[in-house]
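Structure below is target.cif: mmCIF, C-alpha atoms (C1' of nucleotides).
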```
data_protein
loop_
_atom_site.label_atom_id
_atom_site.label_comp_id
_atom_site.auth_asym_id
_atom_site.auth_seq_id
_atom_site.Cartn_x
_atom_site.Cartn_y
_atom_site.Cartn_z
CA MET A 222 0.00 0.00 0.00
CA ASP A 223 1.40 3.31 -1.14
CA LEU A 224 1.61 5.86 1.68
CA GLU A 225 1.21 8.65 -0.85
CA LYS A 226 -2.21 7.29 -1.86
CA VAL A 227 -3.19 7.02 1.79
CA ARG A 228 -2.16 10.66 2.25
CA TYR A 229 -4.29 11.63 -0.74
CA PHE A 230 -7.25 9.72 0.67
CA ILE A 231 -6.95 11.52 4.01
CA ARG A 232 -6.86 14.87 2.25
CA VAL A 233 -9.96 14.04 0.22
CA VAL A 234 -11.82 13.07 3.40
CA GLU A 235 -10.68 16.17 5.27
CA GLU A 236 -11.39 18.58 2.41
CA GLY A 237 -14.71 16.87 1.71
CA SER A 238 -14.11 16.90 -2.04
CA VAL A 239 -11.65 15.57 -4.58
CA SER A 240 -11.33 18.93 -6.33
CA ARG A 241 -10.64 20.87 -3.14
CA ALA A 242 -8.18 18.20 -1.99
CA ALA A 243 -6.44 18.41 -5.38
CA ALA A 244 -6.16 22.20 -5.05
CA SER A 245 -4.76 21.93 -1.52
CA LEU A 246 -2.25 19.34 -2.75
CA ASN A 247 -1.23 21.62 -5.63
CA MET A 248 -2.32 19.15 -8.27
CA THR A 249 -5.24 18.73 -10.62
CA GLN A 250 -8.29 16.66 -9.89
CA PRO A 251 -7.90 13.68 -12.32
CA PRO A 252 -4.89 11.94 -10.74
CA LEU A 253 -6.53 12.24 -7.33
CA SER A 254 -9.72 10.58 -8.58
CA ILE A 255 -7.59 7.85 -10.10
CA ALA A 256 -5.54 7.44 -6.91
CA ILE A 257 -8.72 6.97 -4.86
CA ARG A 258 -10.10 4.45 -7.34
CA LYS A 259 -6.80 2.53 -7.39
CA LEU A 260 -6.76 2.49 -3.60
CA GLU A 261 -10.28 1.07 -3.52
CA GLU A 262 -9.29 -1.55 -6.09
CA GLU A 263 -6.25 -2.50 -4.07
CA LEU A 264 -8.26 -2.74 -0.84
CA GLY A 265 -10.99 -4.67 -2.63
CA THR A 266 -13.71 -2.51 -1.15
CA PRO A 267 -15.18 0.92 -1.90
CA LEU A 268 -14.34 3.68 0.56
CA PHE A 269 -16.91 6.10 -0.80
CA THR A 270 -20.44 5.73 -2.07
CA ARG A 271 -20.93 7.62 -5.31
CA GLN A 272 -24.12 9.51 -5.98
CA GLY A 273 -23.81 10.92 -9.44
CA ASN A 274 -20.69 13.04 -9.32
CA ARG A 275 -20.48 13.28 -5.54
CA LEU A 276 -18.42 11.15 -3.16
CA PHE A 277 -19.61 10.29 0.34
CA LEU A 278 -17.36 8.46 2.78
CA ASN A 279 -18.97 5.14 3.68
CA GLU A 280 -18.57 3.12 6.88
CA THR A 281 -15.55 1.21 5.52
CA GLY A 282 -14.06 4.54 4.50
CA GLN A 283 -14.54 5.96 7.98
CA TYR A 284 -12.73 3.00 9.50
CA PHE A 285 -9.99 3.23 6.88
CA TYR A 286 -9.64 6.95 7.60
CA LYS A 287 -9.09 6.26 11.32
CA ARG A 288 -6.54 3.55 10.59
CA SER A 289 -4.84 5.66 7.92
CA LYS A 290 -4.27 8.48 10.39
CA GLU A 291 -2.67 5.99 12.78
CA LEU A 292 -0.58 4.59 9.93
CA LEU A 293 0.74 7.99 8.89
CA PHE A 294 1.44 8.96 12.48
CA SER A 295 3.36 5.72 12.89
CA ALA A 296 5.24 6.35 9.62
CA ASP A 297 6.18 9.84 10.80
CA SER A 298 7.38 8.49 14.13
CA LEU A 299 9.43 5.85 12.35
CA ARG A 300 10.97 8.49 10.09
CA THR A 301 11.93 10.62 13.09
CA GLU A 302 13.25 7.62 14.97
CA MET A 303 15.41 6.50 12.05
CA ARG A 304 16.76 10.01 11.56
CA GLU A 305 17.65 10.16 15.25
CA ARG A 306 19.31 6.77 15.07
CA GLY A 307 21.35 8.04 12.14
CA LEU A 308 22.40 11.06 14.17
CA GLY A 309 23.24 8.93 17.21
CA ILE A 310 20.58 10.63 19.31
CA ARG A 311 18.69 7.38 19.73
CA GLY A 312 19.66 3.76 19.76
CA GLU A 313 21.02 0.90 21.79
CA VAL A 314 24.50 -0.05 22.78
CA THR A 315 25.61 -3.23 24.47
CA VAL A 316 28.69 -2.93 26.63
CA GLY A 317 30.71 -5.60 28.36
CA CYS A 318 32.80 -4.67 31.37
CA SER A 319 34.02 -5.62 34.80
CA THR A 320 31.97 -4.99 37.93
CA ILE A 321 34.32 -2.14 38.84
CA ALA A 322 33.88 -0.36 35.50
CA ASN A 323 30.15 -0.92 35.85
CA LEU A 324 30.20 0.73 39.27
CA THR A 325 32.37 3.69 38.28
CA ILE A 326 32.26 4.66 34.62
CA ILE A 327 28.94 3.34 33.35
CA PRO A 328 26.65 5.22 35.79
CA GLU A 329 28.33 8.52 34.92
CA VAL A 330 28.11 7.81 31.18
CA VAL A 331 24.42 6.88 31.41
CA LYS A 332 23.78 10.01 33.48
CA ARG A 333 25.41 12.25 30.88
CA LEU A 334 23.63 10.60 27.98
CA GLN A 335 20.37 11.25 29.79
CA GLU A 336 21.31 14.85 30.62
CA GLN A 337 22.12 15.49 26.97
CA ASP A 338 18.68 14.14 25.97
CA TYR A 339 20.02 11.17 24.08
CA GLN A 340 17.59 8.28 23.95
CA ILE A 341 20.26 5.64 24.07
CA THR A 342 19.62 2.43 25.94
CA VAL A 343 22.79 1.08 27.49
CA ARG A 344 22.79 -2.67 28.02
CA VAL A 345 25.61 -3.77 30.26
CA MET A 346 26.88 -7.32 30.51
CA GLU A 347 29.37 -7.91 33.29
CA GLY A 348 31.97 -10.58 32.79
CA ASN A 349 35.60 -11.48 32.41
CA THR A 350 37.73 -10.79 29.35
CA ALA A 351 37.12 -14.19 27.74
CA TYR A 352 33.37 -13.75 28.03
CA ILE A 353 33.49 -10.20 26.63
CA LEU A 354 35.64 -11.18 23.65
CA ASP A 355 33.35 -14.11 22.95
CA GLN A 356 30.27 -11.88 22.99
CA LEU A 357 31.97 -9.27 20.79
CA ARG A 358 32.87 -11.91 18.23
CA GLN A 359 29.32 -13.20 18.19
CA HIS A 360 28.11 -9.63 17.54
CA ARG A 361 26.12 -9.72 20.76
CA MET A 362 28.12 -6.85 22.18
CA ASP A 363 29.32 -3.58 20.66
CA ILE A 364 31.96 -2.41 23.08
CA GLY A 365 34.13 -4.03 25.74
CA LEU A 366 35.84 -2.24 28.62
CA ILE A 367 38.48 -4.53 30.06
CA GLY A 368 41.55 -4.44 32.23
CA ASN A 369 43.73 -6.82 30.27
CA THR A 370 46.00 -5.96 27.40
CA PHE A 371 46.35 -8.30 24.44
CA ASP A 372 46.87 -8.39 20.71
CA LYS A 373 44.23 -10.12 18.59
CA ALA A 374 44.01 -9.77 14.84
CA ASP A 375 40.24 -9.34 14.75
CA LEU A 376 39.97 -6.84 17.61
CA ASN A 377 40.83 -3.20 18.13
CA LEU A 378 42.32 -2.41 21.51
CA THR A 379 42.70 1.17 22.74
CA ALA A 380 44.11 2.16 26.10
CA LEU A 381 41.72 4.46 27.95
CA LEU A 382 43.27 4.64 31.37
CA THR A 383 46.43 3.57 33.17
CA GLY A 384 46.75 3.89 36.91
CA PRO A 385 48.51 2.39 39.89
CA VAL A 386 47.59 -0.83 41.64
CA TYR A 387 46.75 -0.79 45.33
CA ALA A 388 47.41 -3.51 47.85
CA ALA A 389 44.43 -4.12 50.09
CA LEU A 390 45.82 -5.01 53.51
CA PRO A 391 44.13 -7.22 56.11
CA PRO A 392 43.22 -5.86 59.57
CA GLY A 393 46.21 -5.29 61.81
CA HIS A 394 48.74 -5.60 58.99
CA PRO A 395 52.06 -3.96 60.03
CA LEU A 396 52.11 -1.84 56.84
CA SER A 397 48.51 -0.66 57.07
CA ASP A 398 49.54 2.90 57.94
CA ARG A 399 51.72 3.21 54.83
CA ASP A 400 50.69 5.20 51.72
CA LYS A 401 52.76 3.05 49.45
CA VAL A 402 54.51 -0.28 49.63
CA THR A 403 56.72 -2.38 47.39
CA LEU A 404 55.97 -5.99 46.57
CA ASP A 405 59.12 -6.88 48.41
CA ASP A 406 57.50 -5.46 51.57
CA LEU A 407 54.72 -8.03 51.06
CA ARG A 408 56.89 -11.05 50.29
CA HIS A 409 55.78 -12.90 53.44
CA ASP A 410 52.07 -12.30 52.86
CA ASP A 411 49.62 -14.61 51.17
CA PHE A 412 48.43 -13.12 47.86
CA LEU A 413 44.86 -13.07 46.58
CA MET A 414 45.37 -12.66 42.87
CA PRO A 415 43.11 -11.38 40.12
CA TYR A 416 42.96 -14.10 37.52
CA THR A 417 43.89 -13.12 33.96
CA SER A 418 42.09 -15.28 31.42
CA ILE A 419 43.47 -13.62 28.28
CA GLY A 420 46.43 -11.34 27.63
CA LEU A 421 48.26 -9.49 30.38
CA GLY A 422 46.68 -8.16 33.54
CA ILE A 423 47.55 -6.99 37.05
CA ALA A 424 48.57 -10.49 38.21
CA ASP A 425 51.07 -10.83 35.36
CA TYR A 426 52.75 -7.53 36.27
CA ILE A 427 52.85 -8.52 39.93
CA LEU A 428 54.41 -11.92 39.19
CA GLU A 429 56.98 -10.28 36.92
CA GLU A 430 57.88 -7.72 39.56
CA CYS A 431 58.14 -10.37 42.29
CA SER A 432 60.41 -12.40 40.07
CA GLU A 433 62.62 -9.34 39.53
CA GLN A 434 62.80 -8.81 43.27
CA GLY A 435 63.85 -12.41 43.64
CA PHE A 436 60.93 -14.19 45.23
CA GLU A 437 57.93 -16.24 44.33
CA PRO A 438 54.81 -15.14 46.17
CA SER A 439 52.59 -17.49 48.10
CA ILE A 440 49.31 -17.40 46.25
CA LEU A 441 46.35 -18.44 48.35
CA TYR A 442 43.60 -17.68 45.89
CA TRP A 443 42.98 -16.86 42.26
CA GLY A 444 39.72 -14.99 41.56
CA ALA A 445 38.10 -13.15 38.71
CA GLU A 446 36.26 -10.55 40.78
CA THR A 447 37.83 -7.88 42.96
CA LEU A 448 35.00 -7.31 45.44
CA PRO A 449 34.94 -10.89 46.82
CA MET A 450 38.70 -10.71 47.28
CA LEU A 451 38.29 -7.56 49.36
CA GLU A 452 35.91 -9.47 51.64
CA MET A 453 38.59 -12.14 52.00
CA VAL A 454 41.12 -9.44 52.90
CA LYS A 455 38.79 -8.15 55.63
CA LYS A 456 38.68 -11.68 57.03
CA GLY A 457 42.48 -11.56 57.27
CA LEU A 458 43.13 -14.18 54.60
CA GLY A 459 45.80 -12.24 52.69
CA VAL A 460 46.64 -9.24 50.53
CA ALA A 461 44.57 -8.44 47.46
CA PHE A 462 45.47 -6.19 44.55
CA VAL A 463 43.01 -3.72 43.20
CA PRO A 464 43.00 -1.27 40.30
CA ALA A 465 42.98 2.48 40.94
CA LEU A 466 39.50 2.67 39.46
CA LEU A 467 38.16 0.94 42.58
CA LEU A 468 38.84 4.11 44.59
CA HIS A 469 36.18 5.90 42.56
CA ILE A 470 33.36 3.71 43.86
CA HIS A 471 31.29 5.55 46.41
CA GLY A 472 30.27 4.02 49.68
CA LEU A 473 32.50 0.95 49.75
CA ASP A 474 33.78 -0.29 53.08
CA LEU A 475 37.39 -0.79 52.09
CA PRO A 476 40.27 -2.30 54.04
CA PRO A 477 43.46 -0.17 54.29
CA LEU A 478 44.98 0.43 50.84
CA ALA A 479 48.59 1.14 49.97
CA ARG A 480 49.78 2.01 46.49
CA ILE A 481 52.23 -0.48 44.98
CA ASP A 482 55.34 1.53 44.27
CA SER A 483 56.50 0.05 40.97
CA PRO A 484 56.76 1.21 37.37
CA THR A 485 55.71 -2.20 36.01
CA VAL A 486 52.71 -2.91 38.20
CA SER A 487 49.84 -0.93 36.73
CA SER A 488 46.12 -1.28 36.22
CA LYS A 489 44.61 -0.43 32.89
CA LEU A 490 41.30 0.09 31.30
CA ASN A 491 41.16 -0.75 27.60
CA LEU A 492 38.49 -0.29 25.04
CA VAL A 493 37.95 -3.28 22.78
CA THR A 494 35.79 -3.46 19.67
CA LEU A 495 35.50 -5.83 16.74
CA LYS A 496 37.68 -4.64 13.84
CA ASN A 497 35.08 -5.22 11.14
CA GLY A 498 32.10 -4.68 13.42
CA ALA A 499 29.29 -2.37 12.33
CA LYS A 500 29.83 1.06 13.81
CA GLN A 501 26.47 2.41 14.79
CA GLU A 502 26.02 6.02 15.80
CA ALA A 503 24.73 5.23 19.30
CA GLY A 504 27.94 3.31 19.96
CA LYS A 505 30.07 6.22 18.76
CA ARG A 506 28.13 8.59 21.02
CA PHE A 507 28.59 6.23 23.96
CA LEU A 508 32.35 6.16 23.34
CA GLU A 509 32.61 9.94 23.08
CA VAL A 510 30.91 10.33 26.44
CA THR A 511 32.96 7.49 27.96
CA GLU A 512 36.19 9.16 26.88
CA GLU A 513 34.96 12.42 28.36
CA VAL A 514 34.14 10.73 31.68
CA ILE A 515 37.51 8.99 31.79
CA ALA A 516 39.37 12.22 30.99
CA GLU A 517 37.68 13.86 33.99
CA LEU A 518 38.33 10.80 36.14
CA LYS A 519 42.06 11.15 35.48
CA GLU A 520 41.97 14.72 36.78
CA SER A 521 39.78 14.05 39.79
CA THR A 522 40.75 13.01 43.28
CA PRO A 523 39.17 9.71 44.26
CA PRO A 524 36.33 10.12 46.77
CA VAL A 525 37.73 7.32 48.87
CA ILE A 526 39.78 8.29 51.88
CA TYR A 527 42.53 5.77 52.45
CA ARG A 528 45.76 5.71 54.36
"C1'" DC B 56 32.80 -3.25 -15.96
"C1'" DT B 57 30.73 1.17 -16.89
"C1'" DA B 58 28.11 4.58 -19.13
"C1'" DA B 59 24.82 5.76 -22.52
"C1'" DA B 60 20.61 4.58 -24.97
"C1'" DG B 61 16.21 2.56 -25.08
"C1'" DC B 62 12.01 1.33 -23.02
"C1'" DG B 63 7.94 1.00 -20.07
"C1'" DG B 64 5.12 2.45 -16.44
"C1'" DG B 65 3.39 5.73 -13.25
"C1'" DA B 66 1.93 10.25 -12.21
"C1'" DG B 67 0.69 14.45 -13.73
"C1'" DT B 68 -1.95 18.07 -17.03
"C1'" DG B 69 -5.62 20.01 -19.79
"C1'" DA B 70 -9.74 19.19 -22.26
"C1'" DT B 71 -14.00 17.26 -22.19
"C1'" DA B 72 -17.87 14.03 -21.11
"C1'" DT B 73 -21.28 13.02 -17.73
"C1'" DA B 74 -24.53 13.30 -13.96
"C1'" DA B 75 -27.31 15.66 -10.47
"C1'" DT C 221 -23.68 25.07 -12.55
"C1'" DT C 222 -20.69 22.11 -10.16
"C1'" DA C 223 -18.13 18.01 -9.18
"C1'" DT C 224 -16.32 13.60 -10.78
"C1'" DA C 225 -14.77 10.46 -14.49
"C1'" DT C 226 -12.32 9.69 -18.60
"C1'" DC C 227 -9.21 10.46 -22.41
"C1'" DA C 228 -5.06 11.77 -24.81
"C1'" DC C 229 -1.00 13.43 -24.00
"C1'" DT C 230 3.65 14.72 -21.65
"C1'" DC C 231 7.24 14.10 -18.44
"C1'" DC C 232 10.17 11.70 -15.49
"C1'" DC C 233 12.19 7.91 -13.20
"C1'" DG C 234 14.07 3.44 -12.91
"C1'" DC C 235 15.22 -0.78 -15.09
"C1'" DT C 236 17.28 -3.33 -18.91
"C1'" DT C 237 20.02 -3.59 -22.86
"C1'" DT C 238 23.86 -2.45 -25.52
"C1'" DA C 239 28.24 -0.47 -26.96
"C1'" DG C 240 32.92 0.64 -25.92
#
```

Write-out of the structure in structure tokens:
Amino acid sequence: MDLEKVRYFIRVVEEGSVSRAAASLNMTQPPLSIAIRKLEEELGTPLFTRQGNRLFLNETGQYFYKRSKELLFSADSLRTEMRERGLGIRGEVTVGCSTIANLTIIPEVVKRLQEQDYQITVRVMEGNTAYILDQLRQHRMDIGLIGNTFDKADLNLTALLTGPVYAALPPGHPLSDRDKVTLDDLRHDDFLMPYTSIGLGIADYILEECSEQGFEPSILYWGAETLPMLEMVKKGLGVAFVPALLLHIHGLDLPPLARIDSPTVSSKLNLVTLKNGAKQEAGKRFLEVTEEVIAELKESTPPVIYR
DNA sequence: CTAAAGCGGGAGTGATATAA
DNA sequence: TTATATCACTCCCGCTTTAG
């Protein structure tokens, strides 16, 4: 069904005459008469009853008029929606990230998108690097924010943030009043290590640094998530290692933290996308805002007070 | 493979027939 | 007289064919 014909029909109904409708549409009467007849033929039912040379909208026509108005309204909405999608004002973006990124960066990004009147739905899927890469490759995810660094032929990796790593110290630890510590200071502690599934992560840098300082740490636990490890620290089970980003989470009850004083031990946040993935405008907008949030994060002082 | 030519159909115009 | 239907015609757009 041709929307143009439907538009013509509506005009004929609203003007009450084919001739007047033709004049208001800046055309002559014949094609409009033909358009109405073709529409009736296509629908298989008359929309008007004809008395001599006059048209009167019949019951079917009245119903069709109501539905036509809805149809055109819907078509207009669709047009606007598609235009806004094209401009990146509207759309959906699926992001994979760690719990920490989801607690720090994502809320601020969503807040700004809302403040700027973007109608972008952000779908967040928390998970480890392997899960995020898998979802990206299956086109179920547009953007990944991950801590690990790696080199994969089909993926683009961009560094967004590099910061220090903090050692979370158990209650009563002799170094708990220190601002910074070296790994050598912790050589007799049990380590709770963040597991790296793919590429290089915090644990790899720690192991490398320990090796340089001539010892092999006692690893009590390997875990994928930081927050459970912090609970283990509070129970006095060992020392955990957390990225600087953690300090930007509001309202966490953290154990004493001391910065690891080392050039090699760092925490990163990388952006990962599929190299040949479709770049939709909503995704680009999300990234712009994310980069803005991260730039401000670098400048800001973490809200967490630690010793 | 690309660009021009050819072709057909749809939509429009103006003139006119037709009906109340 | 007025409004719709029909006819012959033009124009334009998009598709197919053809030539280089």

Practice task
Let me know the residues the PyMOL selection byres ((chain C) within 12 of (chain A)) catches in the file above, as an MDAnalysis selection string.
Solution key: chainID C and resid 222:227

Keeping C-alpha atoms (C1' of nucleotides) for every residue in the selection just given, could you write it to a file as a short mmCIF file (atom, residue, chain, number, x, y, z; two decimals), in the coordinates of the input?
```cif
data_model
loop_
_atom_site.label_atom_id
_atom_site.label_comp_id
_atom_site.auth_asym_id
_atom_site.auth_seq_id
_atom_site.Cartn_x
_atom_site.Cartn_y
_atom_site.Cartn_z
"C1'" DT C 222 -20.69 22.11 -10.16
"C1'" DA C 223 -18.13 18.01 -9.18
"C1'" DT C 224 -16.32 13.60 -10.78
"C1'" DA C 225 -14.77 10.46 -14.49
"C1'" DT C 226 -12.32 9.69 -18.60
"C1'" DC C 227 -9.21 10.46 -22.41
#
```

Exercise for the section: With a distance threshold of 9 Å and counting all atoms listed in the file, extract the residues of chain B near chain A and express them as a list in words. Expected result: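 Written out as asked, the residues are DA66, DG67, DT68, DT73, DA74 and DA75 of chain B.
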
Exercise for the section: Apply the PyMOL selection byres ((chain C and resi 236) around 12) to the structure shown and report the selected residues as a list in words. Expected result: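 Applied to this file, the PyMOL selection byres ((chain C and resi 236) around 12) returns DA60, DG61, DC62 and DG63 of chain B; DG234, DC235, DT237 and DT238 of chain C.
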
May I have the selected residues written with C-alpha atoms (C1' of nucleotides), as a PDB file, in the coordinates of the input?
```
ATOM      1  C1'  DA B  60      20.610   4.580 -24.970  1.00  0.00           C
ATOM      2  C1'  DG B  61      16.210   2.560 -25.080  1.00  0.00           C
ATOM      3  C1'  DC B  62      12.010   1.330 -23.020  1.00  0.00           C
ATOM      4  C1'  DG B  63       7.940   1.000 -20.070  1.00  0.00           C
TER       5       DG B  63
ATOM      6  C1'  DG C 234      14.070   3.440 -12.910  1.00  0.00           C
ATOM      7  C1'  DC C 235      15.220  -0.780 -15.090  1.00  0.00           C
ATOM      8  C1'  DT C 237      20.020  -3.590 -22.860  1.00  0.00           C
ATOM      9  C1'  DT C 238      23.860  -2.450 -25.520  1.00  0.00           C
TER      10       DT C 238
END
```

Handout entry: Which of A:Glu502, A:Glu446, A:Glu433, A:Asp400 sits closest to Arg480 (chain A) [using only C-alpha atoms]
Key =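 Closest to Arg480 (chain A) of all the choices is A:Asp400.
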
Handout entry: Residues in the PyMOL selection byres ((chain B and resi 56) around 12), expressed as a PyMOL selection string
Key = (chain B and resi 57-58) or (chain C and resi 240)

Exercise for the section: Could you tell me how far CA of Glu430 (chain A) lies from CA of Leu404 (chain A), in Å and to one decimal? Expected result: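 Taking CA of Glu430 (chain A) as the start and CA of Leu404 (chain A) as the end point, the length is 7.5 Å.
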
Problem - Contact residues around Ile423 (chain A) with all atoms listed in the file at 7 Å, ignoring same-chain residues under 4 positions, as a list in words - result: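 Here the answer would be Pro415, Ile427, Val486, Ser487 and Ser488 of chain A.
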
Handout entry: Ala479 (chain A) environment, 10 Å, all atoms listed in the file, sequence neighbours closer than 5 positions dropped, as JSON, numbers by chain
Key = {"A": [386, 387, 388, 389, 390, 396, 397, 398, 399, 400, 401, 402, 403, 462, 527, 528]}

Exercise for the section: Go ahead and compute the interatomic distance for CA of Gly348 (chain A) and CA of Cys318 (chain A), in Å to one decimal. Expected result: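 That distance, rounded to one decimal, is 6.1 Å.
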